[in-house]
Amino acid sequence: MRILVANVNTTQSMTDSIAASARSIAAPGTEIVGITPRFGADSCEGNFESYLAAIAVMDAVTSYPEPFDAVVQAGYGEHGREGLQELLDVPVVDITEAAASTAMFLGHKYSVVTTLDRTVPLIEDRLKLAGIDARCASVRASGMAVLELEEEPDRAVEAIINQAMLAVSQDKAEVIVLGCGGMAGLDEQIRLRAGVPVVDGVASAVAIAESLVRMRLSTSKVRTYAAPRPKTVIGWPLNSTGVPAAL
């Protein structure tokens, strides 16, 4: 089984970190391939960058030259999952929904701890769109920018732990969800300090993707995520051909 794990930004070191986290949870025999968009922002922290990333990830995935069995979109609260589902016949799992749905197996309410405050509304909207917001106690910002997670890891961990503990004590969360792909691999440190289960979205998404492949399940194509209708698309960047590969 081969799973593509798509970073939503163009920072290669973050792709490497996300892929390493994915490999640590993947079952024997599962090949994890980390992919980085060829254009876009070096971090995604707002609507403009998120919509740009949606196109960039579709380009990166449809440009991958070898067969694959599933895709994980490794951006928390980012746009684009629906487009991938239209373009592909294999399962597409977004870490936002994967982490939140996993958290609901572990406690009554979960809280998301993310990066900057400006990303909170994006995450709230994605959770609501997915229909899994009812059991979200809160979405809290650590105040750390995405790239600072790599540049100042110790300070980032402390900021995340602080917000996680406040979510537990003030918001009555029973599970913490890490609200950024760049936080992959930090779950154990935070769990030990916060005293509650901590869900890593990348790990959750890989486990769900593997399960879907093993059960031979993929996206329904009868209506919402049917393949795009053939038509002329001008200036579309996918594969540098002008039209998406699926068309």
# chains A, B, ... in the order shown; residues from 1 in each chain; ligands from 1
>>> residues_around(residues="region 97-103 of chain A", least_positions_apart="4", cutoff="8 Å", atoms="only C-alpha atoms", output="number ranges by chain")
A: 93, 107, 110, 127, 130, 132, 175-178, 199-202, 204-205, 208
>>> closest_atom_pairs(of="region 73-192 of chain A", to="region 10-24 of chain A", cutoff="8 Å", atoms="only C-alpha atoms", output="Markdown table")
| residue | atom | partner | partner_atom | distance |
| --- | --- | --- | --- | --- |
| A:Ala74 | CA | A:Ile18 | CA | 7.8 |
| A:Glu150 | CA | A:Met14 | CA | 7.9 |
| A:Gly181 | CA | A:Ile18 | CA | 6.7 |
| A:Gly182 | CA | A:Met14 | CA | 6.3 |
| A:Ala184 | CA | A:Ile18 | CA | 6.0 |
| A:Gly185 | CA | A:Ser21 | CA | 5.7 |
>>> select_by_dssp(residues="region 8-115 of chain A", states="helix (DSSP H, G or I)", output="ChimeraX atom specification")
/A:12-25,47-63,81-87,95-103
>>> write_last_selection(atoms="N, CA and C atoms", output="CSV table (one decimal), in the first residue's frame")
chain,number,residue,atom,x,y,z
A,12,GLN,N,10.1,22.2,2.7
A,12,GLN,CA,10.5,20.8,2.6
A,12,GLN,C,10.8,20.2,3.9
A,13,SER,N,11.4,20.9,4.8
A,13,SER,CA,11.7,20.3,6.1
A,13,SER,C,10.5,19.9,6.9
A,14,MET,N,9.4,20.7,6.7
A,14,MET,CA,8.1,20.3,7.3
A,14,MET,C,7.5,19.1,6.7
A,15,THR,N,7.6,19.0,5.3
A,15,THR,CA,7.2,17.8,4.7
A,15,THR,C,7.9,16.6,5.2
A,16,ASP,N,9.2,16.7,5.4
A,16,ASP,CA,10.0,15.6,5.9
A,16,ASP,C,9.6,15.2,7.3
A,17,SER,N,9.3,16.2,8.1
A,17,SER,CA,8.8,15.9,9.5
A,17,SER,C,7.5,15.2,9.5
A,18,ILE,N,6.6,15.7,8.7
A,18,ILE,CA,5.2,15.1,8.6
A,18,ILE,C,5.3,13.7,8.1
A,19,ALA,N,6.1,13.5,7.1
A,19,ALA,CA,6.3,12.1,6.5
A,19,ALA,C,6.9,11.2,7.6
A,20,ALA,N,7.8,11.7,8.3
A,20,ALA,CA,8.5,10.8,9.4
A,20,ALA,C,7.4,10.4,10.4
A,21,SER,N,6.6,11.4,10.8
A,21,SER,CA,5.5,11.1,11.8
A,21,SER,C,4.5,10.0,11.2
A,22,ALA,N,4.2,10.2,9.9
A,22,ALA,CA,3.3,9.3,9.3
A,22,ALA,C,3.9,7.8,9.2
A,23,ARG,N,5.2,7.8,8.9
A,23,ARG,CA,5.8,6.4,8.9
A,23,ARG,C,5.9,5.8,10.3
A,24,SER,N,6.0,6.6,11.3
A,24,SER,CA,6.0,6.0,12.7
A,24,SER,C,4.8,5.3,13.1
A,25,ILE,N,3.6,5.6,12.4
A,25,ILE,CA,2.4,5.0,12.8
A,25,ILE,C,1.9,4.0,11.7
A,47,ASN,N,-6.8,32.6,4.8
A,47,ASN,CA,-7.6,32.2,3.7
A,47,ASN,C,-6.9,32.2,2.3
A,48,PHE,N,-6.2,33.3,2.1
A,48,PHE,CA,-5.5,33.4,0.8
A,48,PHE,C,-4.5,32.2,0.6
A,49,GLU,N,-3.7,32.0,1.6
A,49,GLU,CA,-2.7,30.9,1.6
A,49,GLU,C,-3.4,29.5,1.5
A,50,SER,N,-4.5,29.4,2.2
A,50,SER,CA,-5.2,28.1,2.2
A,50,SER,C,-5.8,27.8,0.8
A,51,TYR,N,-6.4,28.8,0.2
A,51,TYR,CA,-7.0,28.5,-1.1
A,51,TYR,C,-5.9,28.3,-2.2
A,52,LEU,N,-4.8,29.0,-2.0
A,52,LEU,CA,-3.6,28.8,-2.9
A,52,LEU,C,-3.1,27.3,-2.7
A,53,ALA,N,-3.0,26.9,-1.4
A,53,ALA,CA,-2.5,25.6,-1.1
A,53,ALA,C,-3.5,24.5,-1.7
A,54,ALA,N,-4.8,24.8,-1.7
A,54,ALA,CA,-5.7,23.8,-2.3
A,54,ALA,C,-5.4,23.5,-3.7
A,55,ILE,N,-5.1,24.5,-4.5
A,55,ILE,CA,-4.7,24.3,-5.9
A,55,ILE,C,-3.3,23.6,-6.0
A,56,ALA,N,-2.4,24.1,-5.1
A,56,ALA,CA,-1.1,23.5,-5.2
A,56,ALA,C,-1.0,22.0,-4.8
A,57,VAL,N,-1.8,21.6,-3.8
A,57,VAL,CA,-1.9,20.2,-3.4
A,57,VAL,C,-2.5,19.4,-4.5
A,58,MET,N,-3.6,19.9,-5.2
A,58,MET,CA,-4.2,19.1,-6.3
A,58,MET,C,-3.1,18.9,-7.4
A,59,ASP,N,-2.4,20.0,-7.6
A,59,ASP,CA,-1.3,19.9,-8.7
A,59,ASP,C,-0.3,18.8,-8.3
A,60,ALA,N,0.2,18.9,-7.0
A,60,ALA,CA,1.2,18.0,-6.6
A,60,ALA,C,0.8,16.5,-6.6
A,61,VAL,N,-0.5,16.3,-6.2
A,61,VAL,CA,-1.0,14.9,-6.1
A,61,VAL,C,-1.2,14.4,-7.5
A,62,THR,N,-1.8,15.1,-8.4
A,62,THR,CA,-2.1,14.6,-9.7
A,62,THR,C,-0.8,14.6,-10.6
A,63,SER,N,0.2,15.2,-10.2
A,63,SER,CA,1.5,15.2,-10.9
A,63,SER,C,2.3,14.0,-10.4
A,81,ARG,N,-9.7,19.5,0.3
A,81,ARG,CA,-10.1,18.1,0.3
A,81,ARG,C,-11.1,17.7,-0.7
A,82,GLU,N,-12.1,18.5,-0.8
A,82,GLU,CA,-13.2,18.2,-1.7
A,82,GLU,C,-12.8,18.1,-3.2
A,83,GLY,N,-11.9,19.0,-3.6
A,83,GLY,CA,-11.4,19.0,-4.9
A,83,GLY,C,-10.6,17.7,-5.2
A,84,LEU,N,-9.8,17.3,-4.2
A,84,LEU,CA,-9.1,16.0,-4.4
A,84,LEU,C,-10.0,14.9,-4.5
A,85,GLN,N,-11.1,14.9,-3.8
A,85,GLN,CA,-12.1,13.8,-3.8
A,85,GLN,C,-12.7,13.7,-5.2
A,86,GLU,N,-12.9,14.8,-5.8
A,86,GLU,CA,-13.5,14.8,-7.2
A,86,GLU,C,-12.5,14.3,-8.2
A,87,LEU,N,-11.2,14.6,-8.0
A,87,LEU,CA,-10.2,14.3,-9.0
A,87,LEU,C,-9.7,12.8,-8.9
A,95,ILE,N,-6.5,15.8,7.6
A,95,ILE,CA,-6.1,15.6,9.0
A,95,ILE,C,-7.1,16.3,10.0
A,96,THR,N,-7.8,17.4,9.5
A,96,THR,CA,-8.7,18.1,10.4
A,96,THR,C,-9.8,17.1,10.8
A,97,GLU,N,-10.5,16.5,9.9
A,97,GLU,CA,-11.6,15.6,10.2
A,97,GLU,C,-11.1,14.3,10.8
A,98,ALA,N,-9.9,13.8,10.4
A,98,ALA,CA,-9.4,12.6,11.0
A,98,ALA,C,-9.1,12.7,12.5
A,99,ALA,N,-8.5,13.9,12.8
A,99,ALA,CA,-8.2,14.1,14.2
A,99,ALA,C,-9.4,14.3,15.1
A,100,ALA,N,-10.3,15.1,14.6
A,100,ALA,CA,-11.5,15.4,15.4
A,100,ALA,C,-12.4,14.1,15.6
A,101,SER,N,-12.6,13.4,14.5
A,101,SER,CA,-13.4,12.1,14.6
A,101,SER,C,-12.7,11.1,15.5
A,102,THR,N,-11.4,11.0,15.5
A,102,THR,CA,-10.7,10.1,16.4
A,102,THR,C,-10.9,10.6,17.8
A,103,ALA,N,-10.8,11.9,18.1
A,103,ALA,CA,-11.0,12.4,19.4
A,103,ALA,C,-12.3,12.1,20.0
>>> select_by_dssp(residues="region 88-203 of chain A", states="strand (DSSP E or B)", output="PyMOL selection string")
chain A and resi 92-94+110-114+136-141+175-178+198-200
>>> closest_residue(among="A:Ser111, A:Glu210, A:Asp133, A:Arg118", to="Pro197 (chain A)", atoms="only C-alpha atoms")
A:Ser111
>>> atom_distance(atom1="CA of Pro37 (chain A)", atom2="CA of Gly80 (chain A)")
13.0 Å
>>> closest_residue(among="A:Thr224, A:Thr36, A:Gln189, A:Asn9", to="Ala156 (chain A)", atoms="only C-alpha atoms")
A:Gln189
>>> closest_residue(among="A:Arg155, A:Arg38, A:Arg135, A:Arg126", to="Tyr76 (chain A)", atoms="only C-alpha atoms")
A:Arg126
>>> residues_around(residues="Val157 (chain A)", least_positions_apart="6", cutoff="12 Å", atoms="only C-alpha atoms", output="list in words")
Val113, Thr114, Thr115, Ser142, Gly143, Met144, Glu148, Leu149, Glu150, Glu151, Gln163, Ala164, Leu178, Gly182, Met183, Ala184, Gly185, Leu186, Asp187, Glu188, Gln189, Ile190, Arg191, Leu192, Arg193 and Ala194 of chain A
>>> closest_residue(among="A:Gly40, A:Ser169, A:Lys221, A:Leu4", to="Pro65 (chain A)", atoms="only C-alpha atoms")
A:Leu4
>>> residues_around(residues="Arg216 (chain A)", least_positions_apart="6", cutoff="12 Å", atoms="only C-alpha atoms", output="PyMOL selection string")
chain A and resi 1+69-70+89-91+209-210
